[in-house]
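As structure tokens, the structure follows; a few thoughts come after it.
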Amino acid sequence: MRPMADESLFVPLGERSYPILITYDHLARLGETIRERMGERPVLLVSDDRVDGLHGKAAEAALGSAGLDFKKYVFPAGESSKNLETCARIWTFLLENNYPRDSVLIALGGGVVGDVTGFVAAAYMRGVPYVQVPTTLLAMVDSSVGGKTGVNHPLGKNMIGAFHQPALVFIDLATLKTLPPEEFRAGFAEVIKYGVIRDEDFFAFCETEREAIFSLDPAALGRTVRTSCSIKADVVAADEREAGIRAILNFGHTVGHAIESLTGYSRFRHGEAVAIGMIAAGLLAVRLGYFDSASQERLEKLVEQSGLPACIPADLATEEIIERLGRDKKVRGGRVRFVLPEAIGRVRIESDISFSALKDVLDEMKE
Ligand SMILES: NC(=O)c1ccc[n+]([C@@H]2O[C@H](COP(=O)([O-])OP(=O)(O)OC[C@H]3O[C@@H](n4cnc5c(N)ncnc54)[C@H](O)[C@@H]3O)[C@@H](O)[C@H]2O)c1
Ligand SMILES: [Zn+2]
């Protein structure tokens, strides 16, 4: 494969600003990069057992060759580890090993490792820096950027957390070679989302270069991750704490979250539920006259060609999806807030969607 030059983006957040480094096959530079940018500090490398087995040795070699003093903490892979117990064990490990205030934590893994490690870092001694080393497409384009950290509670997903921006995001695209295709596809749903909310050219690029992207062609993949990160960075820089514009990142997520919750977070990957949610939001926008049906067809085609679901399985009752939606914080007085497309590349936030319009759309999407 052709080598790709390292690139960097920047998330401008005043004293919380940080770079996103995008490399291809340069995990070996992780240690020296941390050392150059953050100085010599005690390091805790955090990962899950699956990622550790695949990329842990390379990360450890990188930290070792840079002369950094580090230990490793590994927990079982999967969403079921994203809880306070895992955090408590890591806090105990840090304390037992006398990790001081100037320590740095490294999150090597997908969104679960990133969210857990970020939250552990946010609260350890009232906050220590951490570095995101995302290894899933979803984590590269979404969860590693933006500073939302946290864990699940038995009463709700992502309910316990904090805003804590990373000090650095270090992406090695080559780590995706070991990612199962279904995980890659799920992450690609968020990529499609960025095209719809902000960038028609990028959406068109995803349409024409989809095969190259899915075959991990370094140039195509590099542009995909770079553009996605820069859109996310832009939106986060404009609205770090989601008081306004950051809500556009929730395109596809209103119905997506309802379906994930209704199916117990086990039947669909997050990105798969988001794909269904994007189609629902598009159909709603077509029905309301904001979005033309040719654009909706482009969206549906890209979702389907990417191997993502575009329909709602027949056994999921519309009423139950709407009932879940009603528990969402975006609902007031029988009306739901939705991010709706106006064109590929532009969305609006509509706070007055009626349940009946939504019901028609969800019925229409049944398999
Ligand atoms: N903080 C945010 O802003 C934000 C945004 C979106 C999603 N999230 C969170 O992210 C999580 C989902 O992230 P995810 O999809 O990365 O899930 P994940 O971290 O569970 O990773 C999915 C699976 O892929 C494995 N894996 C990771 N990298 C691999 C690689 N390179 N090769 C082989 N296997 C690999 C993992 O071990 C895991 O089994 C959810 O908990 C979600 O709430 C957070
Ligand atoms: Zn998402």
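Numbering starts fresh at 1 for the residues of each chain in the structure tokens, the chains themselves are lettered A, B, ... in the order given, and ligands are numbered from 1 as they appear.
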Name the residues, by chain letter and number, that sit within 7 Å of ligand 2 using only C-alpha atoms and all ligand atoms, and give them as a compact mmCIF listing (two decimals) with N, CA, C and O atoms, in the first residue's frame.
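In the end it all went to pocket_20.txt:
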# COMPACT_ATOMS: atom_id res chain seq x y z
N GLU A 190 -21.72 6.98 10.80
CA GLU A 190 -21.42 8.33 11.30
C GLU A 190 -20.74 9.16 10.21
O GLU A 190 -20.93 10.38 10.12
N HIS A 253 -29.99 10.23 15.24
CA HIS A 253 -29.85 9.62 16.56
C HIS A 253 -31.14 9.59 17.38
O HIS A 253 -31.22 8.86 18.36
N HIS A 270 -24.62 0.56 17.34
CA HIS A 270 -25.04 1.96 17.36
C HIS A 270 -25.19 2.54 15.94
O HIS A 270 -26.20 3.14 15.59
N GLY A 271 -24.19 2.30 15.11
CA GLY A 271 -24.21 2.86 13.75
C GLY A 271 -25.35 2.31 12.91
O GLY A 271 -25.91 3.01 12.06
N VAL A 274 -28.35 4.15 13.93
CA VAL A 274 -28.25 5.52 13.40
C VAL A 274 -28.62 5.53 11.90
O VAL A 274 -29.26 6.46 11.42
Could you list the protein, DNA and RNA residues that have any atom within 7 Å of ligand 1, counting only C-alpha atoms and all ligand atoms, and write them as a VMD selection string? chain A and resid 48 to 51 54 77 to 79 82 109 to 113 115 135 to 139 142 to 149 158 175 to 180 183 187 270
Output C-alpha atoms for every residue in that selection, as a PDB file, in the first residue's frame.
ATOM      1  CA  ASP A  48      -9.740  -3.872  26.236  1.00  0.00           C
ATOM      2  CA  ASP A  49      -8.601  -7.492  25.948  1.00  0.00           C
ATOM      3  CA  ARG A  50      -9.442  -7.763  22.261  1.00  0.00           C
ATOM      4  CA  VAL A  51      -7.568  -4.653  21.143  1.00  0.00           C
ATOM      5  CA  LEU A  54      -4.057  -7.209  18.470  1.00  0.00           C
ATOM      6  CA  ALA A  77     -14.031  -5.933  25.578  1.00  0.00           C
ATOM      7  CA  GLY A  78     -17.622  -4.852  25.105  1.00  0.00           C
ATOM      8  CA  GLU A  79     -20.248  -2.332  26.094  1.00  0.00           C
ATOM      9  CA  LYS A  82     -18.596   0.560  30.251  1.00  0.00           C
ATOM     10  CA  GLY A 109      -9.340   0.997  21.598  1.00  0.00           C
ATOM     11  CA  GLY A 110     -12.844   1.785  20.428  1.00  0.00           C
ATOM     12  CA  GLY A 111     -15.436   4.088  21.904  1.00  0.00           C
ATOM     13  CA  VAL A 112     -15.849   1.978  25.024  1.00  0.00           C
ATOM     14  CA  VAL A 113     -12.180   2.248  25.973  1.00  0.00           C
ATOM     15  CA  ASP A 115     -15.295   6.797  27.070  1.00  0.00           C
ATOM     16  CA  THR A 135      -8.879   1.781  16.819  1.00  0.00           C
ATOM     17  CA  THR A 136     -12.453   1.557  15.457  1.00  0.00           C
ATOM     18  CA  LEU A 137     -13.780   3.707  12.633  1.00  0.00           C
ATOM     19  CA  LEU A 138     -16.492   4.965  14.980  1.00  0.00           C
ATOM     20  CA  ALA A 139     -13.946   6.041  17.559  1.00  0.00           C
ATOM     21  CA  ASP A 142     -16.643  10.367  16.383  1.00  0.00           C
ATOM     22  CA  SER A 143     -16.089   9.348  19.989  1.00  0.00           C
ATOM     23  CA  SER A 144     -12.391  10.244  20.317  1.00  0.00           C
ATOM     24  CA  VAL A 145     -13.015  13.875  19.364  1.00  0.00           C
ATOM     25  CA  GLY A 146     -15.153  16.252  21.375  1.00  0.00           C
ATOM     26  CA  GLY A 147     -14.492  15.455  25.008  1.00  0.00           C
ATOM     27  CA  LYS A 148     -17.685  13.628  25.938  1.00  0.00           C
ATOM     28  CA  THR A 149     -16.658  10.916  28.369  1.00  0.00           C
ATOM     29  CA  ASN A 158     -24.139   7.283  29.064  1.00  0.00           C
ATOM     30  CA  THR A 175      -5.165  -0.478  13.031  1.00  0.00           C
ATOM     31  CA  LEU A 176      -8.473  -0.770  11.128  1.00  0.00           C
ATOM     32  CA  LYS A 177      -7.029  -3.755   9.200  1.00  0.00           C
ATOM     33  CA  THR A 178      -8.013  -5.986  12.100  1.00  0.00           C
ATOM     34  CA  LEU A 179     -11.462  -4.460  12.637  1.00  0.00           C
ATOM     35  CA  PRO A 180     -14.339  -6.803  11.683  1.00  0.00           C
ATOM     36  CA  GLU A 183     -17.798  -2.798  13.009  1.00  0.00           C
ATOM     37  CA  GLY A 187     -18.697   3.436  12.014  1.00  0.00           C
ATOM     38  CA  HIS A 270     -25.043   1.962  17.362  1.00  0.00           C
TER      39      HIS A 270
END
Just asking: which residues within segment 131-225 of chain A are alpha helix (DSSP H) according to DSSP, as a short mmCIF file (atom, residue, chain, number, x, y, z; two decimals) with all heavy atoms, in the first residue's frame?
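Wrote it out as selection06.cif, contents follow:
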data_model
loop_
_atom_site.label_atom_id
_atom_site.label_comp_id
_atom_site.auth_asym_id
_atom_site.auth_seq_id
_atom_site.Cartn_x
_atom_site.Cartn_y
_atom_site.Cartn_z
N LEU A 137 -13.44 2.56 13.48
CA LEU A 137 -13.78 3.71 12.63
C LEU A 137 -14.67 4.67 13.42
O LEU A 137 -14.49 5.89 13.36
CB LEU A 137 -14.48 3.24 11.35
CG LEU A 137 -14.83 4.36 10.37
CD1 LEU A 137 -13.59 5.10 9.89
CD2 LEU A 137 -15.61 3.80 9.18
N LEU A 138 -15.61 4.10 14.19
CA LEU A 138 -16.49 4.97 14.98
C LEU A 138 -15.70 5.84 15.94
O LEU A 138 -15.95 7.05 16.06
CB LEU A 138 -17.51 4.13 15.76
CG LEU A 138 -18.45 5.02 16.59
CD1 LEU A 138 -19.89 4.80 16.24
CD2 LEU A 138 -18.20 4.90 18.07
N PRO A 181 -15.55 -6.38 9.58
CA PRO A 181 -16.29 -5.54 8.63
C PRO A 181 -17.57 -4.94 9.20
O PRO A 181 -17.93 -3.81 8.90
CB PRO A 181 -16.62 -6.49 7.47
CG PRO A 181 -15.76 -7.68 7.66
CD PRO A 181 -15.25 -7.71 9.06
N GLU A 182 -18.26 -5.71 10.06
CA GLU A 182 -19.53 -5.18 10.59
C GLU A 182 -19.29 -3.98 11.51
O GLU A 182 -20.11 -3.07 11.59
CB GLU A 182 -20.37 -6.28 11.26
CG GLU A 182 -19.73 -7.02 12.41
CD GLU A 182 -18.78 -8.15 11.99
OE1 GLU A 182 -18.38 -8.23 10.80
OE2 GLU A 182 -18.42 -8.96 12.87
N GLU A 183 -18.14 -3.97 12.18
CA GLU A 183 -17.80 -2.80 13.01
C GLU A 183 -17.42 -1.61 12.12
O GLU A 183 -17.73 -0.46 12.43
CB GLU A 183 -16.62 -3.11 13.95
CG GLU A 183 -16.89 -4.19 15.00
CD GLU A 183 -17.91 -3.75 16.05
OE1 GLU A 183 -18.27 -2.56 16.12
OE2 GLU A 183 -18.38 -4.64 16.79
N PHE A 184 -16.74 -1.90 11.02
CA PHE A 184 -16.36 -0.82 10.10
C PHE A 184 -17.60 -0.17 9.52
O PHE A 184 -17.74 1.06 9.52
CB PHE A 184 -15.47 -1.38 8.98
CG PHE A 184 -14.88 -0.29 8.12
CD1 PHE A 184 -13.67 0.31 8.44
CD2 PHE A 184 -15.57 0.18 6.99
CE1 PHE A 184 -13.13 1.33 7.66
CE2 PHE A 184 -15.04 1.20 6.21
CZ PHE A 184 -13.82 1.78 6.54
N ARG A 185 -18.53 -1.00 9.06
CA ARG A 185 -19.80 -0.49 8.50
C ARG A 185 -20.53 0.39 9.49
O ARG A 185 -21.04 1.44 9.13
CB ARG A 185 -20.74 -1.67 8.21
CG ARG A 185 -20.44 -2.45 6.99
CD ARG A 185 -21.69 -3.20 6.56
NE ARG A 185 -22.02 -4.35 7.40
CZ ARG A 185 -21.52 -5.56 7.24
NH1 ARG A 185 -20.64 -5.80 6.28
NH2 ARG A 185 -21.88 -6.55 8.03
N ALA A 186 -20.58 -0.07 10.74
CA ALA A 186 -21.31 0.69 11.76
C ALA A 186 -20.68 2.08 11.92
O ALA A 186 -21.39 3.09 12.01
CB ALA A 186 -21.33 -0.08 13.08
N GLY A 187 -19.36 2.13 11.91
CA GLY A 187 -18.70 3.44 12.01
C GLY A 187 -18.97 4.30 10.80
O GLY A 187 -19.05 5.52 10.88
N PHE A 188 -19.15 3.63 9.65
CA PHE A 188 -19.37 4.39 8.41
C PHE A 188 -20.70 5.14 8.45
O PHE A 188 -20.87 6.15 7.75
CB PHE A 188 -19.30 3.45 7.20
CG PHE A 188 -19.12 4.18 5.90
CD1 PHE A 188 -17.93 4.85 5.62
CD2 PHE A 188 -20.14 4.22 4.96
CE1 PHE A 188 -17.76 5.55 4.42
CE2 PHE A 188 -19.98 4.91 3.76
CZ PHE A 188 -18.79 5.57 3.50
N ALA A 189 -21.65 4.67 9.25
CA ALA A 189 -22.92 5.40 9.38
C ALA A 189 -22.67 6.83 9.87
O ALA A 189 -23.28 7.79 9.39
CB ALA A 189 -23.87 4.66 10.34
N GLU A 190 -21.72 6.98 10.80
CA GLU A 190 -21.42 8.33 11.30
C GLU A 190 -20.74 9.16 10.21
O GLU A 190 -20.93 10.38 10.12
CB GLU A 190 -20.53 8.28 12.55
CG GLU A 190 -21.08 7.43 13.71
CD GLU A 190 -22.18 8.11 14.54
OE1 GLU A 190 -22.56 9.26 14.23
OE2 GLU A 190 -22.67 7.46 15.48
N VAL A 191 -19.97 8.49 9.35
CA VAL A 191 -19.32 9.19 8.23
C VAL A 191 -20.40 9.75 7.28
O VAL A 191 -20.35 10.92 6.87
CB VAL A 191 -18.37 8.23 7.48
CG1 VAL A 191 -17.86 8.86 6.19
CG2 VAL A 191 -17.20 7.83 8.39
N ILE A 192 -21.37 8.91 6.96
CA ILE A 192 -22.47 9.35 6.09
C ILE A 192 -23.17 10.55 6.75
O ILE A 192 -23.50 11.55 6.09
CB ILE A 192 -23.48 8.19 5.85
CG1 ILE A 192 -22.81 7.04 5.09
CG2 ILE A 192 -24.72 8.70 5.11
CD1 ILE A 192 -23.68 5.79 4.94
N LYS A 193 -23.35 10.46 8.07
CA LYS A 193 -23.98 11.55 8.81
C LYS A 193 -23.26 12.88 8.57
O LYS A 193 -23.91 13.90 8.31
CB LYS A 193 -23.97 11.20 10.31
CG LYS A 193 -24.49 12.30 11.20
CD LYS A 193 -24.26 11.98 12.68
CE LYS A 193 -22.85 12.37 13.13
NZ LYS A 193 -22.63 12.15 14.57
N TYR A 194 -21.93 12.87 8.63
CA TYR A 194 -21.19 14.13 8.45
C TYR A 194 -21.45 14.72 7.07
O TYR A 194 -21.58 15.93 6.92
CB TYR A 194 -19.68 13.91 8.64
CG TYR A 194 -19.30 13.61 10.07
CD1 TYR A 194 -18.64 12.43 10.39
CD2 TYR A 194 -19.60 14.51 11.09
CE1 TYR A 194 -18.29 12.14 11.70
CE2 TYR A 194 -19.25 14.22 12.40
CZ TYR A 194 -18.60 13.03 12.70
OH TYR A 194 -18.26 12.76 13.99
N GLY A 195 -21.53 13.85 6.06
CA GLY A 195 -21.81 14.35 4.72
C GLY A 195 -23.16 15.04 4.67
O GLY A 195 -23.30 16.14 4.14
N VAL A 196 -24.16 14.40 5.26
CA VAL A 196 -25.51 14.96 5.20
C VAL A 196 -25.60 16.26 5.99
O VAL A 196 -26.21 17.23 5.53
CB VAL A 196 -26.56 13.95 5.74
CG1 VAL A 196 -27.96 14.58 5.74
CG2 VAL A 196 -26.56 12.68 4.90
N ILE A 197 -24.99 16.32 7.15
CA ILE A 197 -25.19 17.55 7.96
C ILE A 197 -24.36 18.72 7.48
O ILE A 197 -24.72 19.86 7.66
CB ILE A 197 -24.96 17.32 9.48
CG1 ILE A 197 -23.50 16.95 9.79
CG2 ILE A 197 -25.90 16.26 10.03
CD1 ILE A 197 -23.20 16.88 11.30
N ARG A 198 -23.22 18.46 6.82
CA ARG A 198 -22.30 19.57 6.57
C ARG A 198 -21.63 19.67 5.21
O ARG A 198 -21.08 20.70 4.88
CB ARG A 198 -21.17 19.49 7.62
CG ARG A 198 -21.37 20.31 8.87
CD ARG A 198 -21.16 21.77 8.58
NE ARG A 198 -21.65 22.64 9.62
CZ ARG A 198 -20.87 23.31 10.47
NH1 ARG A 198 -19.59 23.19 10.45
NH2 ARG A 198 -21.42 24.12 11.34
N GLU A 200 -21.73 18.35 1.17
CA GLU A 200 -22.23 17.57 0.04
C GLU A 200 -21.09 16.94 -0.77
O GLU A 200 -21.21 15.80 -1.23
CB GLU A 200 -23.11 18.40 -0.88
CG GLU A 200 -23.57 17.49 -2.01
CD GLU A 200 -24.53 18.09 -3.01
OE1 GLU A 200 -24.69 19.31 -3.04
OE2 GLU A 200 -25.09 17.27 -3.78
N ASP A 201 -19.98 17.67 -0.93
CA ASP A 201 -18.86 17.12 -1.70
C ASP A 201 -18.34 15.84 -1.05
O ASP A 201 -17.99 14.87 -1.71
CB ASP A 201 -17.68 18.11 -1.76
CG ASP A 201 -17.98 19.26 -2.70
OD1 ASP A 201 -18.96 19.16 -3.47
OD2 ASP A 201 -17.25 20.26 -2.63
N PHE A 202 -18.29 15.88 0.27
CA PHE A 202 -17.81 14.71 1.01
C PHE A 202 -18.79 13.55 0.85
O PHE A 202 -18.39 12.39 0.68
CB PHE A 202 -17.61 15.08 2.48
CG PHE A 202 -17.10 13.94 3.33
CD1 PHE A 202 -15.98 13.22 2.96
CD2 PHE A 202 -17.76 13.60 4.50
CE1 PHE A 202 -15.52 12.16 3.74
CE2 PHE A 202 -17.31 12.54 5.29
CZ PHE A 202 -16.19 11.83 4.91
N PHE A 203 -20.07 13.87 0.87
CA PHE A 203 -21.08 12.82 0.66
C PHE A 203 -20.88 12.18 -0.72
O PHE A 203 -20.88 10.95 -0.86
CB PHE A 203 -22.50 13.41 0.79
CG PHE A 203 -23.59 12.39 0.76
CD1 PHE A 203 -24.06 11.82 1.94
CD2 PHE A 203 -24.16 11.98 -0.45
CE1 PHE A 203 -25.08 10.86 1.92
CE2 PHE A 203 -25.17 11.02 -0.49
CZ PHE A 203 -25.63 10.47 0.70
N ALA A 204 -20.66 13.04 -1.72
CA ALA A 204 -20.46 12.54 -3.08
C ALA A 204 -19.18 11.69 -3.16
O ALA A 204 -19.13 10.66 -3.85
CB ALA A 204 -20.38 13.71 -4.06
N PHE A 205 -18.16 12.13 -2.43
CA PHE A 205 -16.91 11.34 -2.36
C PHE A 205 -17.19 9.96 -1.76
O PHE A 205 -16.70 8.93 -2.27
CB PHE A 205 -15.88 12.11 -1.52
CG PHE A 205 -14.67 11.32 -1.12
CD1 PHE A 205 -13.63 11.12 -2.01
CD2 PHE A 205 -14.58 10.76 0.15
CE1 PHE A 205 -12.51 10.38 -1.65
CE2 PHE A 205 -13.47 10.01 0.52
CZ PHE A 205 -12.44 9.83 -0.38
N CYS A 206 -17.99 9.92 -0.72
CA CYS A 206 -18.33 8.62 -0.10
C CYS A 206 -19.10 7.74 -1.09
O CYS A 206 -18.91 6.52 -1.12
CB CYS A 206 -19.17 8.82 1.17
SG CYS A 206 -18.24 9.57 2.51
N GLU A 207 -19.94 8.36 -1.90
CA GLU A 207 -20.68 7.58 -2.90
C GLU A 207 -19.74 6.98 -3.93
O GLU A 207 -19.82 5.79 -4.23
CB GLU A 207 -21.69 8.49 -3.64
CG GLU A 207 -22.87 8.93 -2.79
CD GLU A 207 -23.78 9.90 -3.54
OE1 GLU A 207 -23.28 10.87 -4.15
OE2 GLU A 207 -25.00 9.71 -3.50
N THR A 208 -18.83 7.80 -4.46
CA THR A 208 -18.00 7.30 -5.57
C THR A 208 -16.83 6.45 -5.07
O THR A 208 -16.39 5.54 -5.76
CB THR A 208 -17.45 8.45 -6.44
OG1 THR A 208 -16.77 9.36 -5.59
CG2 THR A 208 -18.56 9.17 -7.17
N GLU A 209 -16.32 6.74 -3.88
CA GLU A 209 -15.13 6.04 -3.39
C GLU A 209 -15.43 4.99 -2.32
O GLU A 209 -14.53 4.54 -1.62
CB GLU A 209 -14.12 7.06 -2.83
CG GLU A 209 -13.62 8.06 -3.84
CD GLU A 209 -12.98 7.41 -5.06
OE1 GLU A 209 -12.18 6.47 -4.88
OE2 GLU A 209 -13.30 7.84 -6.19
N ARG A 210 -16.70 4.63 -2.19
CA ARG A 210 -17.09 3.72 -1.11
C ARG A 210 -16.25 2.44 -1.10
O ARG A 210 -15.75 2.01 -0.05
CB ARG A 210 -18.58 3.39 -1.23
CG ARG A 210 -19.13 2.52 -0.09
CD ARG A 210 -20.59 2.22 -0.31
NE ARG A 210 -20.87 1.82 -1.68
CZ ARG A 210 -20.67 0.62 -2.18
NH1 ARG A 210 -20.20 -0.35 -1.42
NH2 ARG A 210 -20.93 0.35 -3.46
N GLU A 211 -16.05 1.87 -2.29
CA GLU A 211 -15.30 0.61 -2.30
C GLU A 211 -13.85 0.80 -1.86
O GLU A 211 -13.30 -0.02 -1.12
CB GLU A 211 -15.37 -0.03 -3.69
CG GLU A 211 -16.72 -0.67 -3.90
CD GLU A 211 -16.89 -1.29 -5.28
OE1 GLU A 211 -15.87 -1.57 -5.93
OE2 GLU A 211 -18.04 -1.49 -5.68
N ALA A 212 -13.24 1.89 -2.32
CA ALA A 212 -11.85 2.16 -1.91
C ALA A 212 -11.78 2.38 -0.40
O ALA A 212 -10.86 1.89 0.28
CB ALA A 212 -11.31 3.38 -2.65
N ILE A 213 -12.76 3.09 0.12
CA ILE A 213 -12.78 3.35 1.57
C ILE A 213 -12.90 2.02 2.32
O ILE A 213 -12.15 1.74 3.25
CB ILE A 213 -13.95 4.29 1.95
CG1 ILE A 213 -13.80 5.66 1.25
CG2 ILE A 213 -14.03 4.47 3.47
CD1 ILE A 213 -15.06 6.53 1.32
N PHE A 214 -13.86 1.19 1.87
CA PHE A 214 -14.08 -0.07 2.58
C PHE A 214 -12.91 -1.04 2.42
O PHE A 214 -12.72 -1.92 3.24
CB PHE A 214 -15.40 -0.73 2.11
CG PHE A 214 -16.60 -0.23 2.87
CD1 PHE A 214 -17.01 1.09 2.76
CD2 PHE A 214 -17.32 -1.06 3.71
CE1 PHE A 214 -18.12 1.58 3.46
CE2 PHE A 214 -18.43 -0.60 4.42
CZ PHE A 214 -18.83 0.73 4.29
N PRO A 218 -5.36 3.66 1.67
CA PRO A 218 -4.91 4.70 2.61
C PRO A 218 -5.37 6.12 2.24
O PRO A 218 -5.75 6.89 3.12
CB PRO A 218 -3.38 4.59 2.55
CG PRO A 218 -3.12 3.19 2.13
CD PRO A 218 -4.25 2.81 1.21
N ALA A 219 -5.32 6.44 0.94
CA ALA A 219 -5.70 7.80 0.56
C ALA A 219 -7.19 8.05 0.79
O ALA A 219 -7.60 9.08 1.36
CB ALA A 219 -5.33 8.06 -0.90
N ALA A 220 -8.02 7.09 0.35
CA ALA A 220 -9.48 7.27 0.49
C ALA A 220 -9.88 7.25 1.97
O ALA A 220 -10.69 8.08 2.42
CB ALA A 220 -10.20 6.15 -0.26
N LEU A 221 -9.29 6.33 2.71
CA LEU A 221 -9.59 6.23 4.13
C LEU A 221 -9.10 7.48 4.87
O LEU A 221 -9.79 8.02 5.75
CB LEU A 221 -8.91 4.98 4.69
CG LEU A 221 -9.20 4.59 6.11
CD1 LEU A 221 -10.69 4.31 6.30
CD2 LEU A 221 -8.40 3.33 6.48
N GLY A 222 -7.92 7.95 4.47
CA GLY A 222 -7.37 9.16 5.08
C GLY A 222 -8.30 10.35 4.90
O GLY A 222 -8.60 11.07 5.85
N ARG A 223 -8.79 10.53 3.68
CA ARG A 223 -9.70 11.66 3.46
C ARG A 223 -11.00 11.49 4.26
O ARG A 223 -11.54 12.45 4.80
CB ARG A 223 -10.02 11.81 1.96
CG ARG A 223 -11.04 12.89 1.73
CD ARG A 223 -11.13 13.39 0.31
NE ARG A 223 -12.28 14.27 0.18
CZ ARG A 223 -12.80 14.67 -0.97
NH1 ARG A 223 -12.26 14.29 -2.11
NH2 ARG A 223 -13.86 15.46 -1.00
N THR A 224 -11.47 10.25 4.33
CA THR A 224 -12.71 9.98 5.07
C THR A 224 -12.57 10.38 6.54
O THR A 224 -13.42 11.08 7.10
CB THR A 224 -13.05 8.47 4.95
OG1 THR A 224 -13.18 8.16 3.57
CG2 THR A 224 -14.32 8.12 5.68
N VAL A 225 -11.50 9.91 7.14
CA VAL A 225 -11.31 10.18 8.58
C VAL A 225 -10.99 11.66 8.81
O VAL A 225 -11.54 12.30 9.72
CB VAL A 225 -10.22 9.26 9.17
CG1 VAL A 225 -9.86 9.63 10.60
CG2 VAL A 225 -10.68 7.80 9.11
#
| request: Name the residues in contact with Ala167 of chain A at a cut-off of 6 Å, using only C-alpha atoms, excluding same-chain residues fewer than 2 positions from it; report them as a ChimeraX atom specification. | output: /A:18,129-131
Restricting the output to all heavy atoms, write the selected residues as a CSV table (one decimal), in the first residue's frame.
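Result went into out29.csv, see below:
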chain,number,residue,atom,x,y,z
A,18,TYR,N,-6.5,21.0,21.1
A,18,TYR,CA,-5.6,19.8,21.0
A,18,TYR,C,-5.5,19.4,19.5
A,18,TYR,O,-6.4,19.7,18.7
A,18,TYR,CB,-6.1,18.6,21.8
A,18,TYR,CG,-7.5,18.2,21.6
A,18,TYR,CD1,-7.9,17.2,20.7
A,18,TYR,CD2,-8.5,18.9,22.3
A,18,TYR,CE1,-9.3,16.9,20.6
A,18,TYR,CE2,-9.9,18.5,22.2
A,18,TYR,CZ,-10.2,17.5,21.3
A,18,TYR,OH,-11.5,17.2,21.2
A,129,PRO,N,-4.6,14.5,32.3
A,129,PRO,CA,-4.7,14.5,30.8
A,129,PRO,C,-4.8,13.1,30.3
A,129,PRO,O,-4.4,12.1,30.9
A,129,PRO,CB,-3.4,15.2,30.3
A,129,PRO,CG,-2.5,15.1,31.4
A,129,PRO,CD,-3.2,15.0,32.7
A,130,TYR,N,-5.4,12.9,29.1
A,130,TYR,CA,-5.4,11.6,28.5
A,130,TYR,C,-5.3,11.8,27.0
A,130,TYR,O,-5.6,12.9,26.4
A,130,TYR,CB,-6.7,10.8,28.9
A,130,TYR,CG,-8.0,11.3,28.2
A,130,TYR,CD1,-8.7,10.6,27.3
A,130,TYR,CD2,-8.5,12.5,28.6
A,130,TYR,CE1,-9.9,11.0,26.7
A,130,TYR,CE2,-9.7,13.0,28.1
A,130,TYR,CZ,-10.4,12.2,27.1
A,130,TYR,OH,-11.5,12.7,26.6
A,131,VAL,N,-4.9,10.7,26.4
A,131,VAL,CA,-4.6,10.7,24.9
A,131,VAL,C,-5.6,9.6,24.3
A,131,VAL,O,-5.6,8.5,24.8
A,131,VAL,CB,-3.2,10.3,24.6
A,131,VAL,CG1,-2.9,10.1,23.1
A,131,VAL,CG2,-2.2,11.4,25.1
Between A:Cys87, A:Ala121, A:Glu60, A:Arg267, smallest distance to Pro100 of chain A by only C-alpha atoms belongs to A:Ala121
*Contacts of Arg269 of chain A at 8 Å (only C-alpha atoms; same-chain gap of 3+ positions) as a list in words*: Glu183, Ala186, Glu260, Tyr265, Ser266, Glu272 and Ala273 of chain A
Would you mind exporting N, CA and C atoms of the selected residues as a short mmCIF file (atom, residue, chain, number, x, y, z; two decimals), in the first residue's frame?
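Produced file out.cif, reproduced below:
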data_model
loop_
_atom_site.label_atom_id
_atom_site.label_comp_id
_atom_site.auth_asym_id
_atom_site.auth_seq_id
_atom_site.Cartn_x
_atom_site.Cartn_y
_atom_site.Cartn_z
N GLU A 183 -18.14 -3.97 12.18
CA GLU A 183 -17.80 -2.80 13.01
C GLU A 183 -17.42 -1.61 12.12
N ALA A 186 -20.58 -0.07 10.74
CA ALA A 186 -21.31 0.69 11.76
C ALA A 186 -20.68 2.08 11.92
N GLU A 260 -32.30 1.49 19.58
CA GLU A 260 -31.27 0.82 20.40
C GLU A 260 -31.82 0.47 21.77
N TYR A 265 -29.99 -2.63 23.38
CA TYR A 265 -28.59 -2.36 22.98
C TYR A 265 -27.86 -3.63 22.56
N SER A 266 -28.60 -4.64 22.11
CA SER A 266 -27.89 -5.87 21.76
C SER A 266 -28.14 -6.29 20.31
N GLU A 272 -25.71 1.05 13.15
CA GLU A 272 -26.83 0.46 12.41
C GLU A 272 -28.13 1.15 12.79
N ALA A 273 -28.31 1.40 14.07
CA ALA A 273 -29.51 2.10 14.53
C ALA A 273 -29.52 3.54 13.99
#
**Q.** Selection near Thr318 of chain A, 7 Å with only C-alpha atoms, sequence-local residues under 3 positions removed, as a ChimeraX atom specification
**A.** /A:321-322,359,362-363
- Message: Need to verify the contact set: Tyr124 of chain A, 9 Å, only C-alpha atoms, exclusion of same-chain residues closer than 3 positions in sequence. Can you return it as a list in words?
- Response: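 That gives Trp91, Leu94, Arg101, Phe119, Val120, Ala121, Gly127 and Val128 of chain A.
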If we count only C-alpha atoms and set the cut-off at 8 Å, which residues sit around Pro19 of chain A, ignoring sequence neighbours fewer than 6 positions away in its own chain? Please answer as a list in words.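 The filter keeps Ser8, Leu9, Phe10, Val11, Ala167, Leu168 and Val169 of chain A.
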Atom CA of Ile248 of chain A to atom CA of Tyr24 of chain A, distance in Å rounded to a single decimal: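 Distance reported for this atom pair: 29.7 Å.
In this structure, atom CA of Glu297 of chain A sits 19.2 Å away from atom CA of Gly256 of chain A.
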**Prompt:** Can you list every residue in segment 127-273 of chain A that DSSP puts in strand (DSSP E or B), as a list in words?
**Reply:**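 For segment 127-273 of chain A, the strand (DSSP E or B) set is Tyr130, Val131, Gln132, Val133, Pro134, Lys148, Thr149, Gly150, Val151, Asn152, His153, Gly156, Lys157, Asn158, Met159, Ile160, Gly161, Ala162, Phe163, Leu168, Val169, Phe170, Ile171 and Asp172 of chain A.
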